[in-house]
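Read the structure below first, then the notes.
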Amino acid sequence: MAAVGHNYSEVERRRIVKILMDSGVNTVSQLVVRTGLAKSTVTGIRARILAGRPVERKVGSGGMRKLSPLAIDALTEEVEGALVERRPVTASHLAHHLEAHVGEVASVRSVRRYLHREGFVAKKARRGPLMSDRHKLNRQAWCVLHSGNQFMTTIFINKAKFQLHRNTVLVWHRRGEQPRYGVPDHSSSVNSWEGYPLQV
C-alpha cells in the first residue's frame, strides 16, 4: 500500500489504518512504515480503533456542511438585505432562514464559516440614535420655533443611563466596513438626572 501522508482526510486515514489492522498489521511501527503517517497520528488512530470507537465521522461532529450555490447566495442576500434595512441578524437566524427558504439544513458553525469565507465578519454594533423620520422632523421644527430664544431663564436637564448587564449586539458586515446601528437600551438600568440654568 502506498504511503498515505497528508494526501487523505482524517476519516480516510482511519479507514486505511483499520484495513491494515484487519489484515494483521497491528504494531505502531509497522503501521507507520506502511502508511507514512506520523507516529503520534498512527498511535491515536490505532487507540481509537482498539477502543471500538467508530472510524466514520458522526453527523454534526464539526465538519462544515457543503451548501449549494443557491444556499450561499441566499445567505449573502439576507446579510446584505439586513445591512440595507439596518437590522442585525445572527448566525442562528440565518440557519433558520436557509432551512425555511432554501430547504437546506446547516449548523450555526457552518453558517459562520461560509460567511467568513464570503468576506463577512461579525462585530459589535456601533451605537446610533434610535430616531424615526417623525422624530427628526419634530426636533427640527422645535429648533426653528425657538431659533430666537436666548434660553436665559430655561433650566436645562441632562440624563445619564447605566446598564446593569451586557447588551451586546453583533452585526454581520463586509470586512473593512463598520455600519452604525440603533441599539436599544435594556429596561434594566439606572437613570441619573441633573439640571442647571444659564442665568440664576
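Labeling convention for the C-alpha cells: chains A, B, ... as they appear, residues from 1 per chain, ligands from 1 in order of appearance.
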
Give me the residues near segment 111-120 of chain A as a list of chain:residue names, where near means some atom within 8 Å (using only C-alpha atoms) and where sequence neighbours in that chain fewer than 3 positions away do not count.
A:Met64, A:Ile72, A:Leu75, A:Thr76, A:Ala91, A:Leu94, A:Ala95, A:Ala106, A:Ser107, A:Val108, A:Trp172, A:His173, A:Arg174, A:Arg175

Which residues are close to segment 18-32 of chain A, i.e. within 12 Å by only C-alpha atoms, leaving aside same-chain residues fewer than 5 positions away? Reply as a ChimeraX atom specification.
/A:1-5,11-13,37-50,52-56

Go ahead and save the picked residues with N, CA, C and O atoms, as a compact mmCIF listing (two decimals), in the first residue's frame.
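What follows is the written file again10.txt:
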```
# COMPACT_ATOMS: atom_id res chain seq x y z
N MET A 1 0.85 -1.19 0.00
CA MET A 1 0.00 0.00 0.00
C MET A 1 0.88 1.24 0.00
O MET A 1 1.86 1.32 0.73
N ALA A 2 0.52 2.23 -0.83
CA ALA A 2 1.30 3.47 -0.92
C ALA A 2 1.16 4.28 0.36
O ALA A 2 0.18 4.16 1.10
N ALA A 3 2.18 5.11 0.60
CA ALA A 3 2.14 5.94 1.80
C ALA A 3 0.98 6.90 1.75
O ALA A 3 0.68 7.49 0.71
N VAL A 4 0.32 7.08 2.88
CA VAL A 4 -0.86 7.94 2.95
C VAL A 4 -0.44 9.40 3.04
O VAL A 4 -0.91 10.25 2.30
N GLY A 5 0.47 9.70 3.98
CA GLY A 5 0.94 11.07 4.14
C GLY A 5 -0.19 12.04 4.41
O GLY A 5 -1.13 11.74 5.14
N VAL A 11 -10.71 10.97 8.09
CA VAL A 11 -11.55 9.77 8.02
C VAL A 11 -10.91 8.72 7.11
O VAL A 11 -10.90 7.52 7.42
N GLU A 12 -10.36 9.18 5.99
CA GLU A 12 -9.71 8.24 5.07
C GLU A 12 -8.48 7.60 5.70
O GLU A 12 -8.20 6.40 5.48
N ARG A 13 -7.73 8.35 6.49
CA ARG A 13 -6.58 7.77 7.21
C ARG A 13 -7.03 6.70 8.19
O ARG A 13 -6.41 5.64 8.32
N LEU A 37 2.41 7.90 7.86
CA LEU A 37 1.87 8.88 8.80
C LEU A 37 2.82 9.07 9.97
O LEU A 37 3.69 8.24 10.23
N ALA A 38 2.63 10.16 10.68
CA ALA A 38 3.42 10.41 11.87
C ALA A 38 3.06 9.37 12.93
O ALA A 38 1.93 8.87 13.00
N LYS A 39 4.03 9.07 13.78
CA LYS A 39 3.82 8.06 14.82
C LYS A 39 2.69 8.46 15.76
O LYS A 39 1.89 7.61 16.17
N SER A 40 2.61 9.75 16.11
CA SER A 40 1.55 10.20 17.01
C SER A 40 0.17 10.04 16.37
O SER A 40 -0.81 9.67 17.03
N THR A 41 0.09 10.28 15.06
CA THR A 41 -1.19 10.13 14.35
C THR A 41 -1.61 8.67 14.33
O THR A 41 -2.77 8.34 14.60
N VAL A 42 -0.68 7.80 13.98
CA VAL A 42 -0.98 6.36 13.94
C VAL A 42 -1.38 5.86 15.32
O VAL A 42 -2.32 5.07 15.47
N THR A 43 -0.67 6.31 16.35
CA THR A 43 -0.97 5.87 17.73
C THR A 43 -2.39 6.26 18.11
O THR A 43 -3.13 5.46 18.70
N GLY A 44 -2.80 7.50 17.76
CA GLY A 44 -4.14 7.95 18.09
C GLY A 44 -5.21 7.17 17.36
O GLY A 44 -6.23 6.77 17.94
N ILE A 45 -4.99 6.93 16.05
CA ILE A 45 -5.99 6.18 15.26
C ILE A 45 -6.08 4.74 15.75
O ILE A 45 -7.16 4.17 15.87
N ARG A 46 -4.92 4.15 16.02
CA ARG A 46 -4.90 2.75 16.50
C ARG A 46 -5.63 2.62 17.83
O ARG A 46 -6.41 1.68 18.03
N ALA A 47 -5.38 3.55 18.74
CA ALA A 47 -6.07 3.51 20.03
C ALA A 47 -7.58 3.67 19.85
O ALA A 47 -8.37 3.03 20.55
N ARG A 48 -7.96 4.51 18.91
CA ARG A 48 -9.40 4.72 18.64
C ARG A 48 -10.05 3.43 18.16
O ARG A 48 -11.13 3.06 18.60
N ILE A 49 -9.35 2.75 17.24
CA ILE A 49 -9.91 1.51 16.69
C ILE A 49 -9.95 0.41 17.75
O ILE A 49 -10.95 -0.32 17.87
N LEU A 50 -8.89 0.28 18.55
CA LEU A 50 -8.86 -0.76 19.59
C LEU A 50 -9.92 -0.51 20.66
O LEU A 50 -10.42 -1.44 21.28
N GLY A 52 -12.82 0.52 20.04
CA GLY A 52 -14.14 0.27 19.47
C GLY A 52 -14.89 1.52 19.04
O GLY A 52 -16.09 1.45 18.76
N ARG A 53 -14.19 2.64 18.97
CA ARG A 53 -14.85 3.88 18.54
C ARG A 53 -15.00 3.88 17.02
O ARG A 53 -14.18 3.28 16.30
N PRO A 54 -16.04 4.53 16.50
CA PRO A 54 -16.30 4.48 15.06
C PRO A 54 -15.21 5.19 14.25
O PRO A 54 -14.61 6.17 14.70
N VAL A 55 -14.96 4.66 13.08
CA VAL A 55 -13.98 5.24 12.17
C VAL A 55 -14.59 6.41 11.41
O VAL A 55 -13.93 7.43 11.18
N GLU A 56 -15.86 6.29 11.05
CA GLU A 56 -16.53 7.34 10.27
C GLU A 56 -16.84 8.53 11.16
O GLU A 56 -17.02 8.41 12.37
```

Report as a PyMOL selection string: the residues of segment 82-132 of chain A with a DSSP assignment of alpha helix (DSSP H), based on the backbone of this structure.
chain A and resi 82-85+91-101+108-117
